Every structure is written in C-alpha cells, then in structure tokens.
$ cat entry20.pdb   # PDB, C-alpha atoms
ATOM      1  CA  MET A   1     -28.496   6.584 -18.400  1.00  0.00           C
ATOM      2  CA  LEU A   2     -30.384   6.458 -15.105  1.00  0.00           C
ATOM      3  CA  LEU A   3     -28.073   5.796 -12.182  1.00  0.00           C
ATOM      4  CA  PHE A   4     -30.584   4.501  -9.625  1.00  0.00           C
ATOM      5  CA  ARG A   5     -29.489   1.922  -7.058  1.00  0.00           C
ATOM      6  CA  ALA A   6     -33.001   0.619  -6.309  1.00  0.00           C
ATOM      7  CA  LYS A   7     -36.086  -0.118  -8.371  1.00  0.00           C
ATOM      8  CA  PRO A   8     -39.553   1.101  -7.412  1.00  0.00           C
ATOM      9  CA  PRO A   9     -41.100  -1.243  -4.825  1.00  0.00           C
ATOM     10  CA  GLN A  10     -43.112  -4.171  -6.169  1.00  0.00           C
ATOM     11  CA  ASP A  11     -46.348  -2.823  -4.720  1.00  0.00           C
ATOM     12  CA  TRP A  12     -45.998   0.517  -6.581  1.00  0.00           C
ATOM     13  CA  LEU A  13     -47.324  -0.609  -9.974  1.00  0.00           C
ATOM     14  CA  PRO A  14     -50.435  -2.479  -8.751  1.00  0.00           C
ATOM     15  CA  LYS A  15     -51.244   0.449  -6.460  1.00  0.00           C
ATOM     16  CA  VAL A  16     -51.106   3.054  -9.260  1.00  0.00           C
ATOM     17  CA  LEU A  17     -52.880   0.821 -11.790  1.00  0.00           C
ATOM     18  CA  GLY A  18     -55.630   0.352  -9.205  1.00  0.00           C
ATOM     19  CA  ASP A  19     -56.396   4.083  -9.026  1.00  0.00           C
ATOM     20  CA  LEU A  20     -55.441   5.819 -12.262  1.00  0.00           C
ATOM     21  CA  PRO A  21     -57.674   8.862 -11.613  1.00  0.00           C
ATOM     22  CA  ALA A  22     -55.748   9.633  -8.389  1.00  0.00           C
ATOM     23  CA  VAL A  23     -52.456   9.069 -10.215  1.00  0.00           C
ATOM     24  CA  LEU A  24     -53.453  11.513 -12.961  1.00  0.00           C
ATOM     25  CA  VAL A  25     -54.326  14.192 -10.388  1.00  0.00           C
ATOM     26  CA  ASP A  26     -50.980  13.549  -8.669  1.00  0.00           C
ATOM     27  CA  HIS A  27     -49.239  13.739 -12.032  1.00  0.00           C
ATOM     28  CA  ALA A  28     -50.825  17.110 -12.785  1.00  0.00           C
ATOM     29  CA  HIS A  29     -49.531  18.507  -9.499  1.00  0.00           C
ATOM     30  CA  LEU A  30     -46.064  17.070 -10.154  1.00  0.00           C
ATOM     31  CA  GLU A  31     -45.864  18.800 -13.536  1.00  0.00           C
ATOM     32  CA  ARG A  32     -46.942  22.097 -11.972  1.00  0.00           C
ATOM     33  CA  LYS A  33     -44.341  21.699  -9.228  1.00  0.00           C
ATOM     34  CA  ALA A  34     -41.672  20.776 -11.785  1.00  0.00           C
ATOM     35  CA  ALA A  35     -42.318  24.050 -13.631  1.00  0.00           C
ATOM     36  CA  THR A  36     -42.074  25.977 -10.369  1.00  0.00           C
ATOM     37  CA  SER A  37     -38.841  24.184  -9.450  1.00  0.00           C
ATOM     38  CA  ALA A  38     -37.224  25.112 -12.752  1.00  0.00           C
ATOM     39  CA  LEU A  39     -38.090  28.761 -12.135  1.00  0.00           C
ATOM     40  CA  ASN A  40     -36.903  28.589  -8.506  1.00  0.00           C
ATOM     41  CA  LEU A  41     -33.491  27.389  -9.661  1.00  0.00           C
ATOM     42  CA  GLU A  42     -33.023  30.751 -11.383  1.00  0.00           C
ATOM     43  CA  LYS A  43     -32.347  32.352  -7.986  1.00  0.00           C
ATOM     44  CA  TYR A  44     -28.863  30.819  -7.784  1.00  0.00           C
ATOM     45  CA  ARG A  45     -26.022  33.018  -9.047  1.00  0.00           C
ATOM     46  CA  ASP A  46     -24.232  30.006 -10.517  1.00  0.00           C
ATOM     47  CA  LEU A  47     -27.264  29.384 -12.713  1.00  0.00           C
ATOM     48  CA  TYR A  48     -27.742  32.919 -14.048  1.00  0.00           C
ATOM     49  CA  PRO A  49     -26.108  31.883 -17.363  1.00  0.00           C
ATOM     50  CA  ARG A  50     -28.634  29.031 -17.629  1.00  0.00           C
ATOM     51  CA  VAL A  51     -31.823  31.061 -17.104  1.00  0.00           C
ATOM     52  CA  GLU A  52     -33.018  30.521 -20.674  1.00  0.00           C
ATOM     53  CA  ASP A  53     -32.499  26.752 -20.328  1.00  0.00           C
ATOM     54  CA  LEU A  54     -34.401  26.763 -17.047  1.00  0.00           C
ATOM     55  CA  ASN A  55     -37.216  28.807 -18.617  1.00  0.00           C
ATOM     56  CA  ALA A  56     -37.433  26.270 -21.445  1.00  0.00           C
ATOM     57  CA  ILE A  57     -37.795  23.440 -18.925  1.00  0.00           C
ATOM     58  CA  ALA A  58     -40.441  25.397 -16.989  1.00  0.00           C
ATOM     59  CA  ILE A  59     -42.414  26.037 -20.190  1.00  0.00           C
ATOM     60  CA  GLU A  60     -42.224  22.368 -21.179  1.00  0.00           C
ATOM     61  CA  GLU A  61     -43.371  21.300 -17.698  1.00  0.00           C
ATOM     62  CA  LEU A  62     -46.316  23.726 -17.905  1.00  0.00           C
ATOM     63  CA  GLN A  63     -47.208  22.231 -21.284  1.00  0.00           C
ATOM     64  CA  HIS A  64     -47.182  18.791 -19.670  1.00  0.00           C
ATOM     65  CA  PHE A  65     -49.371  20.180 -16.865  1.00  0.00           C
ATOM     66  CA  GLN A  66     -51.860  21.379 -19.512  1.00  0.00           C
ATOM     67  CA  LEU A  67     -51.807  17.967 -21.200  1.00  0.00           C
ATOM     68  CA  VAL A  68     -52.597  16.212 -17.914  1.00  0.00           C
ATOM     69  CA  LEU A  69     -55.348  18.748 -17.135  1.00  0.00           C
ATOM     70  CA  ALA A  70     -56.848  18.034 -20.580  1.00  0.00           C
ATOM     71  CA  LEU A  71     -56.773  14.299 -19.851  1.00  0.00           C
ATOM     72  CA  LEU A  72     -58.484  14.887 -16.506  1.00  0.00           C
ATOM     73  CA  LYS A  73     -61.192  16.960 -18.197  1.00  0.00           C
ATOM     74  CA  LYS A  74     -61.683  14.430 -21.010  1.00  0.00           C
ATOM     75  CA  ARG A  75     -62.057  11.620 -18.477  1.00  0.00           C
ATOM     76  CA  GLY A  76     -64.325  13.582 -16.134  1.00  0.00           C
ATOM     77  CA  ILE A  77     -61.798  13.471 -13.286  1.00  0.00           C
ATOM     78  CA  PRO A  78     -61.878  16.582 -11.078  1.00  0.00           C
ATOM     79  CA  PHE A  79     -58.592  18.313 -10.396  1.00  0.00           C
ATOM     80  CA  GLY A  80     -58.138  17.805  -6.682  1.00  0.00           C
ATOM     81  CA  GLN A  81     -55.907  18.356  -3.718  1.00  0.00           C
ATOM     82  CA  PRO A  82     -52.194  17.541  -3.918  1.00  0.00           C
ATOM     83  CA  TYR A  83     -50.684  15.090  -1.459  1.00  0.00           C
ATOM     84  CA  PRO A  84     -47.066  15.564  -0.450  1.00  0.00           C
ATOM     85  CA  SER A  85     -44.635  12.914  -1.596  1.00  0.00           C
ATOM     86  CA  PRO A  86     -42.608  11.480   1.284  1.00  0.00           C
ATOM     87  CA  TRP A  87     -39.911  10.502  -1.237  1.00  0.00           C
ATOM     88  CA  ILE A  88     -39.558  14.044  -2.658  1.00  0.00           C
ATOM     89  CA  ALA A  89     -39.761  15.584   0.823  1.00  0.00           C
ATOM     90  CA  GLY A  90     -37.038  13.217   1.997  1.00  0.00           C
ATOM     91  CA  LEU A  91     -34.745  14.255  -0.839  1.00  0.00           C
ATOM     92  CA  MET A  92     -35.384  17.968  -0.430  1.00  0.00           C
ATOM     93  CA  LYS A  93     -34.781  17.873   3.356  1.00  0.00           C
ATOM     94  CA  SER A  94     -31.138  17.078   2.603  1.00  0.00           C
ATOM     95  CA  VAL A  95     -30.497  20.198   0.506  1.00  0.00           C
ATOM     96  CA  ARG A  96     -27.719  22.125   2.225  1.00  0.00           C
ATOM     97  CA  ASN A  97     -27.679  25.864   2.805  1.00  0.00           C
ATOM     98  CA  GLY A  98     -25.230  28.158   1.066  1.00  0.00           C
ATOM     99  CA  GLN A  99     -25.517  29.382  -2.524  1.00  0.00           C
ATOM    100  CA  ARG A 100     -23.181  26.950  -4.288  1.00  0.00           C
ATOM    101  CA  HIS A 101     -23.920  23.855  -2.175  1.00  0.00           C
ATOM    102  CA  GLN A 102     -27.635  24.585  -2.185  1.00  0.00           C
ATOM    103  CA  ALA A 103     -27.681  24.997  -5.975  1.00  0.00           C
ATOM    104  CA  ILE A 104     -25.839  21.700  -6.508  1.00  0.00           C
ATOM    105  CA  ASP A 105     -28.086  19.772  -4.118  1.00  0.00           C
ATOM    106  CA  HIS A 106     -31.252  21.355  -5.526  1.00  0.00           C
ATOM    107  CA  LEU A 107     -30.187  20.453  -9.074  1.00  0.00           C
ATOM    108  CA  ILE A 108     -29.385  16.868  -8.069  1.00  0.00           C
ATOM    109  CA  CYS A 109     -32.798  16.506  -6.401  1.00  0.00           C
ATOM    110  CA  CYS A 110     -34.524  17.873  -9.503  1.00  0.00           C
ATOM    111  CA  SER A 111     -32.458  15.513 -11.641  1.00  0.00           C
ATOM    112  CA  LEU A 112     -33.463  12.492  -9.572  1.00  0.00           C
ATOM    113  CA  ILE A 113     -37.129  13.479  -9.613  1.00  0.00           C
ATOM    114  CA  GLU A 114     -37.039  13.796 -13.402  1.00  0.00           C
ATOM    115  CA  GLY A 115     -35.132  10.518 -13.664  1.00  0.00           C
ATOM    116  CA  ARG A 116     -37.684   8.666 -11.547  1.00  0.00           C
ATOM    117  CA  SER A 117     -40.443  10.171 -13.703  1.00  0.00           C
ATOM    118  CA  CYS A 118     -38.667   8.900 -16.813  1.00  0.00           C
ATOM    119  CA  GLU A 119     -38.344   5.434 -15.288  1.00  0.00           C
ATOM    120  CA  LYS A 120     -41.942   5.249 -14.046  1.00  0.00           C
ATOM    121  CA  PHE A 121     -43.409   6.659 -17.270  1.00  0.00           C
ATOM    122  CA  GLN A 122     -41.588   3.903 -19.187  1.00  0.00           C
ATOM    123  CA  ILE A 123     -43.101   1.303 -16.865  1.00  0.00           C
ATOM    124  CA  LEU A 124     -46.587   2.805 -17.227  1.00  0.00           C
ATOM    125  CA  ALA A 125     -46.284   3.085 -21.023  1.00  0.00           C
ATOM    126  CA  SER A 126     -45.530  -0.617 -21.170  1.00  0.00           C
ATOM    127  CA  GLU A 127     -47.961  -1.875 -18.531  1.00  0.00           C
ATOM    128  CA  LEU A 128     -50.944   0.231 -19.668  1.00  0.00           C
ATOM    129  CA  LYS A 129     -50.867  -0.902 -23.320  1.00  0.00           C
ATOM    130  CA  ALA A 130     -53.395  -3.682 -22.760  1.00  0.00           C
ATOM    131  CA  VAL A 131     -55.503  -1.734 -20.238  1.00  0.00           C
ATOM    132  CA  ASP A 132     -55.556   1.872 -21.454  1.00  0.00           C
ATOM    133  CA  ALA A 133     -53.865   2.423 -24.823  1.00  0.00           C
ATOM    134  CA  GLU A 134     -54.439   6.198 -24.754  1.00  0.00           C
ATOM    135  CA  LEU A 135     -52.751   6.570 -21.379  1.00  0.00           C
ATOM    136  CA  ALA A 136     -49.935   4.202 -22.378  1.00  0.00           C
ATOM    137  CA  LYS A 137     -49.215   6.345 -25.431  1.00  0.00           C
ATOM    138  CA  PHE A 138     -49.386   9.523 -23.325  1.00  0.00           C
ATOM    139  CA  TYR A 139     -46.843   8.249 -20.785  1.00  0.00           C
ATOM    140  CA  GLY A 140     -44.611   6.977 -23.564  1.00  0.00           C
ATOM    141  CA  SER A 141     -44.645  10.436 -25.147  1.00  0.00           C
ATOM    142  CA  LEU A 142     -43.206  12.006 -21.965  1.00  0.00           C
ATOM    143  CA  VAL A 143     -40.272   9.631 -21.412  1.00  0.00           C
ATOM    144  CA  GLU A 144     -37.725  11.423 -23.603  1.00  0.00           C
ATOM    145  CA  SER A 145     -38.516  14.841 -22.153  1.00  0.00           C
ATOM    146  CA  GLU A 146     -38.139  13.608 -18.562  1.00  0.00           C
ATOM    147  CA  GLY A 147     -34.855  11.910 -19.455  1.00  0.00           C
ATOM    148  CA  ASN A 148     -33.582  15.128 -21.026  1.00  0.00           C
ATOM    149  CA  HIS A 149     -34.487  17.129 -17.905  1.00  0.00           C
ATOM    150  CA  TYR A 150     -32.721  14.535 -15.741  1.00  0.00           C
ATOM    151  CA  ALA A 151     -29.526  14.893 -17.781  1.00  0.00           C
ATOM    152  CA  THR A 152     -29.765  18.686 -18.084  1.00  0.00           C
ATOM    153  CA  TYR A 153     -30.069  19.222 -14.333  1.00  0.00           C
ATOM    154  CA  LEU A 154     -27.187  16.857 -13.615  1.00  0.00           C
ATOM    155  CA  LEU A 155     -24.977  18.586 -16.201  1.00  0.00           C
ATOM    156  CA  MET A 156     -25.865  21.979 -14.727  1.00  0.00           C
ATOM    157  CA  ALA A 157     -24.748  20.782 -11.300  1.00  0.00           C
ATOM    158  CA  LYS A 158     -21.506  19.411 -12.743  1.00  0.00           C
ATOM    159  CA  GLY A 159     -20.981  22.746 -14.483  1.00  0.00           C
ATOM    160  CA  ILE A 160     -20.916  24.417 -11.066  1.00  0.00           C
ATOM    161  CA  ASP A 161     -18.504  21.924  -9.463  1.00  0.00           C
ATOM    162  CA  GLU A 162     -18.063  18.462 -10.948  1.00  0.00           C
ATOM    163  CA  SER A 163     -16.243  16.792  -8.051  1.00  0.00           C
ATOM    164  CA  GLU A 164     -18.716  18.155  -5.468  1.00  0.00           C
ATOM    165  CA  THR A 165     -21.626  17.080  -7.681  1.00  0.00           C
ATOM    166  CA  ASN A 166     -20.219  13.560  -7.997  1.00  0.00           C
ATOM    167  CA  ARG A 167     -19.718  13.379  -4.229  1.00  0.00           C
ATOM    168  CA  ARG A 168     -23.256  14.597  -3.500  1.00  0.00           C
ATOM    169  CA  LEU A 169     -24.770  12.449  -6.247  1.00  0.00           C
ATOM    170  CA  ASP A 170     -23.326   9.395  -4.512  1.00  0.00           C
ATOM    171  CA  TYR A 171     -24.975  10.539  -1.273  1.00  0.00           C
ATOM    172  CA  TYR A 172     -28.313  11.246  -2.987  1.00  0.00           C
ATOM    173  CA  LEU A 173     -28.371   7.920  -4.847  1.00  0.00           C
ATOM    174  CA  ASP A 174     -28.019   6.139  -1.502  1.00  0.00           C
ATOM    175  CA  LEU A 175     -30.729   8.355  -0.003  1.00  0.00           C
ATOM    176  CA  ASP A 176     -33.022   7.730  -2.972  1.00  0.00           C
ATOM    177  CA  ALA A 177     -32.566   3.962  -2.621  1.00  0.00           C
ATOM    178  CA  LYS A 178     -33.465   4.191   1.079  1.00  0.00           C
ATOM    179  CA  LEU A 179     -36.462   6.493   0.548  1.00  0.00           C
ATOM    180  CA  ILE A 180     -37.963   4.598  -2.389  1.00  0.00           C
ATOM    181  CA  ARG A 181     -38.266   1.489  -0.216  1.00  0.00           C
ATOM    182  CA  GLU A 182     -40.284   3.285   2.472  1.00  0.00           C
ATOM    183  CA  PRO A 183     -43.977   2.346   2.366  1.00  0.00           C
ATOM    184  CA  ASN A 184     -46.412   4.828   0.873  1.00  0.00           C
ATOM    185  CA  PRO A 185     -50.061   3.763   0.939  1.00  0.00           C
ATOM    186  CA  LEU A 186     -51.182   6.403  -1.584  1.00  0.00           C
ATOM    187  CA  PRO A 187     -51.397   5.773  -5.349  1.00  0.00           C
ATOM    188  CA  MET A 188     -48.761   8.345  -6.360  1.00  0.00           C
ATOM    189  CA  LEU A 189     -46.144   8.566  -9.067  1.00  0.00           C
ATOM    190  CA  HIS A 190     -43.433   9.313  -6.489  1.00  0.00           C
TER
END
$ encode --input "entry20.pdb" --output "structure tokens"
Amino acid sequence: MLLFRAKPPQDWLPKVLGDLPAVLVDHAHLERKAATSALNLEKYRDLYPRVEDLNAIAIEELQHFQLVLALLKKRGIPFGQPYPSPWIAGLMKSVRNGQRHQAIDHLICCSLIEGRSCEKFQILASELKAVDAELAKFYGSLVESEGNHYATYLLMAKGIDESETNRRLDYYLDLDAKLIREPNPLPMLH
C-alpha cells in the first residue's frame, strides 16, 4: 500500500499527455538511474546480505530501460538529454551521512521514487487507454514491478532499524508531499 500524503498536482497529467515523446525519454533515463541506484545501494555494509536482491532489481530496471528504448526506436523518438527532477533532487538532498543513517535514508528515497512510479504508471495506464492503447498497456505492465520495488526497499530499510526507518519515513512522507506540490514546467514522470 502506497503511503503518500499528497497526490500528483492536477497539472501533471495534462502536461505529460501533451508531450508523450519527452515523457518517454524521461522514463528511459529514470529506468537507467533506477538500475544504477540499486547497484549503488550495495556499498552499504548493512545491505551486503541483500546484494543478490539488489542485483535482481538492477537487472529488472535495465530490462525496463531496454523496453523504453525499444518504444522510442519504434516511435522514431530520439533518445535525448536527461533533465534533473527537482522532486528527486529534493528527496536525495535530505539523505544523511553515516553508513547506517545514509543507508536507511537512501532506501526510503528509492522506495518513494518506486512508489511514485507505481502510482503514476497506474494513472497513465488508465488515462492512455483511449488515446494510446499500446502505451497504456505498457505502463500497466510495469505497475506491479514498481510496487514490488517500493515494498522491497522499505522492508530493507526496516531490516536495518525499524524504529529509525519509521521515524525517517514520516519525515520523508512530509517532504514528498511538500516537494510534489512545487511547480515543474517540464513534462516529466517525477
């Protein structure tokens, strides 16, 4: 179950539906970054026992990256420059230093990113049915995977220190609600 305290802003959906090629390029970069993030989490001592799980997530994210690249190619959309997400940057700026605290915060951020992807892919799967059935089906096919990554990252954090994770999750859910309301003129998933 997604724990978010705020929904995506009302202008998000019309903005992304108005420029699906840009959204697909953004999506490709997000999948690539998600694979890299899963591998980066392997640096934390507390996550050494979970390296195989993190590798599995990284592989799945790279597979999603390939799927989005194939869609771009099929639709004649060039793979272009990534644009930084103010929402993701805002979350990541709050990651504390120190092995254990940093690992927990990093995992929570990854969990929230995956959770927002799950939420937004559900919205796109529904809203695109009448406009672009292929893309609607594609986004629908990713929902379960994103939800699983959301839960896996959160459970990993709780496995390190459940009470600290719950405390920081409360902080990050408030931060997410604040950041998601900040205007972003670009047609981006996050």
$ resolve_selection --input "entry20.pdb" --expression "the PyMOL selection byres ((chain A and resi 50) around 12)" --output "JSON, numbers by chain"
{"A": [38, 39, 41, 42, 43, 44, 45, 46, 47, 48, 49, 51, 52, 53, 54, 55, 56, 57, 152, 153, 155, 156, 157, 159, 160]}
$ resolve_selection --input "entry20.pdb" --expression "the PyMOL selection byres ((chain A and resi 140) around 12)" --output "tab-separated table (two decimals) with C-alpha atoms, in the coordinates of the input"
chain	number	residue	atom	x	y	z
A	117	SER	CA	-40.44	10.17	-13.70
A	118	CYS	CA	-38.67	8.90	-16.81
A	119	GLU	CA	-38.34	5.43	-15.29
A	120	LYS	CA	-41.94	5.25	-14.05
A	121	PHE	CA	-43.41	6.66	-17.27
A	122	GLN	CA	-41.59	3.90	-19.19
A	123	ILE	CA	-43.10	1.30	-16.86
A	124	LEU	CA	-46.59	2.80	-17.23
A	125	ALA	CA	-46.28	3.08	-21.02
A	126	SER	CA	-45.53	-0.62	-21.17
A	127	GLU	CA	-47.96	-1.88	-18.53
A	128	LEU	CA	-50.94	0.23	-19.67
A	129	LYS	CA	-50.87	-0.90	-23.32
A	133	ALA	CA	-53.86	2.42	-24.82
A	134	GLU	CA	-54.44	6.20	-24.75
A	135	LEU	CA	-52.75	6.57	-21.38
A	136	ALA	CA	-49.94	4.20	-22.38
A	137	LYS	CA	-49.22	6.34	-25.43
A	138	PHE	CA	-49.39	9.52	-23.32
A	139	TYR	CA	-46.84	8.25	-20.78
A	141	SER	CA	-44.64	10.44	-25.15
A	142	LEU	CA	-43.21	12.01	-21.96
A	143	VAL	CA	-40.27	9.63	-21.41
A	144	GLU	CA	-37.72	11.42	-23.60
A	145	SER	CA	-38.52	14.84	-22.15
A	146	GLU	CA	-38.14	13.61	-18.56
A	147	GLY	CA	-34.85	11.91	-19.45
$ residues_around --input "entry20.pdb" --residues "region 162-178 of chain A" --least-positions-apart "5" --cutoff "8 Å" --atoms "only C-alpha atoms" --output "mmCIF file with C-alpha atoms, in the frame of the given file"
data_model
loop_
_atom_site.group_PDB
_atom_site.id
_atom_site.type_symbol
_atom_site.label_atom_id
_atom_site.label_comp_id
_atom_site.auth_asym_id
_atom_site.auth_seq_id
_atom_site.Cartn_x
_atom_site.Cartn_y
_atom_site.Cartn_z
ATOM 1 C CA LEU A 3 -28.073 5.796 -12.182
ATOM 2 C CA PHE A 4 -30.584 4.501 -9.625
ATOM 3 C CA ARG A 5 -29.489 1.922 -7.058
ATOM 4 C CA ALA A 6 -33.001 0.619 -6.309
ATOM 5 C CA LYS A 7 -36.086 -0.118 -8.371
ATOM 6 C CA TRP A 87 -39.911 10.502 -1.237
ATOM 7 C CA LEU A 91 -34.745 14.255 -0.839
ATOM 8 C CA ILE A 104 -25.839 21.700 -6.508
ATOM 9 C CA ASP A 105 -28.086 19.772 -4.118
ATOM 10 C CA ILE A 108 -29.385 16.868 -8.069
ATOM 11 C CA CYS A 109 -32.798 16.506 -6.401
ATOM 12 C CA ALA A 157 -24.748 20.782 -11.300
#
$ residues_around --input "entry20.pdb" --residues "Asp26 (chain A)" --least-positions-apart "5" --cutoff "12 Å" --atoms "only C-alpha atoms" --output "VMD selection string"
chain A and resid 16 19 to 21 31 to 33 65 68 to 69 72 77 to 85 186 to 190
$ atom_distance --input "entry20.pdb" --atom1 "CA of Asp11 (chain A)" --atom2 "CA of Ser111 (chain A)"
24.0 Å
$ atom_distance --input "entry20.pdb" --atom1 "CA of Arg75 (chain A)" --atom2 "CA of Ile113 (chain A)"
26.5 Å
$ atom_distance --input "entry20.pdb" --atom1 "CA of Ser37 (chain A)" --atom2 "CA of Glu114 (chain A)"
11.3 Å
$ closest_residue --input "entry20.pdb" --among "A:Asp161, A:Asp132, A:Glu182, A:Glu61" --to "Leu30 (chain A)" --atoms "all atoms listed in the file"
A:Glu61
$ axis_aligned_box --input "entry20.pdb" --around "region 157-161 of chain A" --padding-each-side "5 Å" --output "JSON"
{"center_x": -21.6, "center_y": 21.9, "center_z": -12.0, "size_x": 16.2, "size_y": 15.0, "size_z": 15.0}
$ residues_near_point --input "entry20.pdb" --point "(-45.3, 0.0, -0.4)" --cutoff "9 Å" --atoms "only C-alpha atoms" --output "compact mmCIF listing (two decimals) with C-alpha atoms, keeping the file's coordinate frame"
# COMPACT_ATOMS: atom_id res chain seq x y z
CA PRO A 9 -41.10 -1.24 -4.82
CA GLN A 10 -43.11 -4.17 -6.17
CA ASP A 11 -46.35 -2.82 -4.72
CA TRP A 12 -46.00 0.52 -6.58
CA LYS A 15 -51.24 0.45 -6.46
CA ILE A 180 -37.96 4.60 -2.39
CA ARG A 181 -38.27 1.49 -0.22
CA GLU A 182 -40.28 3.28 2.47
CA PRO A 183 -43.98 2.35 2.37
CA ASN A 184 -46.41 4.83 0.87
CA PRO A 185 -50.06 3.76 0.94
CA LEU A 186 -51.18 6.40 -1.58
$ closest_residue --input "entry20.pdb" --among "A:Thr36, A:Asn97, A:Val131, A:Leu17" --to "Glu60 (chain A)" --atoms "all atoms listed in the file"
A:Thr36
$ closest_residue --input "entry20.pdb" --among "A:Cys110, A:Leu71, A:His149, A:Ile88" --to "Ala28 (chain A)" --atoms "only C-alpha atoms"
A:Leu71
